[in-house]
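First up is the structure itself, then whatever we jot down about it.
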Amino acid sequence: MPIKVNFDDCIGCGVCAELSPDNFKLDEDEGKTTVINAEASPSAKEAADSCPVSAITAD
């Protein structure tokens, strides 16, 4: 399953981009995370598990 971010729930904390910079980037203009590589990886799963509002799916 590809990585997805629920933009309505995303608070733009940036944890995902720090943990998995190959998959996520914080769009500073929008204040939300964007997926730059939708292929699931161990670091993307860690980022999803670390999201404080559970806005990421990476199974």
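Letters A, B, ... mark the chains of the structure tokens in the order given; residue numbers begin at 1 per chain; ligand numbers begin at 1, in order shown.
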
Please identify all polymer residues within 12 Å of A:Glu18, counting only C-alpha atoms, omitting same-chain residues fewer than 4 positions from it, and present them as an mmCIF file with C-alpha atoms, in the first residue's frame.
```cif
data_model
loop_
_atom_site.group_PDB
_atom_site.id
_atom_site.type_symbol
_atom_site.label_atom_id
_atom_site.label_comp_id
_atom_site.auth_asym_id
_atom_site.auth_seq_id
_atom_site.Cartn_x
_atom_site.Cartn_y
_atom_site.Cartn_z
ATOM 1 C CA GLY A 12 2.673 20.129 9.991
ATOM 2 C CA CYS A 13 4.840 19.187 12.959
ATOM 3 C CA GLY A 14 7.549 17.805 10.638
ATOM 4 C CA ASP A 22 13.191 10.162 1.427
ATOM 5 C CA ASN A 23 9.397 9.893 1.722
ATOM 6 C CA PHE A 24 8.173 13.172 3.213
ATOM 7 C CA LYS A 25 8.783 16.874 2.862
ATOM 8 C CA LEU A 26 7.266 19.666 4.910
ATOM 9 C CA THR A 33 3.555 17.389 4.879
ATOM 10 C CA SER A 43 11.410 4.682 8.026
ATOM 11 C CA ALA A 44 8.031 5.675 6.537
ATOM 12 C CA GLU A 46 8.218 4.668 11.799
ATOM 13 C CA ALA A 47 7.129 8.156 10.700
ATOM 14 C CA ALA A 48 3.497 7.012 10.477
ATOM 15 C CA SER A 50 5.253 8.701 15.285
ATOM 16 C CA CYS A 51 2.685 11.075 13.791
#
```

- All strand (DSSP E) residues (DSSP, backbone) inside chain A, as a ChimeraX atom specification: /A:4-5,24-27,32-35,56-57

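Relative to atom CA of A:Ala38, atom CA of A:Ala58 is found at 8.6 Å.
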
- Message: I need the residues of chain A that end up classed as helix (DSSP H, G or I) by DSSP on the backbone, written out as JSON, numbers by chain.
- Response: {"A": [15, 16, 17, 18, 19, 42, 43, 44, 45, 46, 47, 48, 49, 50]}

- Task: Please identify all polymer residues within 8 Å of A:Ile3, counting only C-alpha atoms, omitting same-chain residues fewer than 5 positions from it, and present them as a ChimeraX atom specification.
- Result: /A:35,37-40,44,56-59

- Find, counting only C-alpha atoms, the residue in A:Ser20, A:Val15, A:Asn6, A:Ser54 that gets nearest to A:Ile36.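 The shortest atom-to-atom distance to A:Ile36 comes from A:Ser20.
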
- Task: Using only C-alpha atoms, find the one residue out of A:Pro2, A:Lys32, A:Asp27, A:Leu19 that sits nearest to A:Ala55.
- Result: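 Under the stated criterion, the closest residue is A:Lys32.
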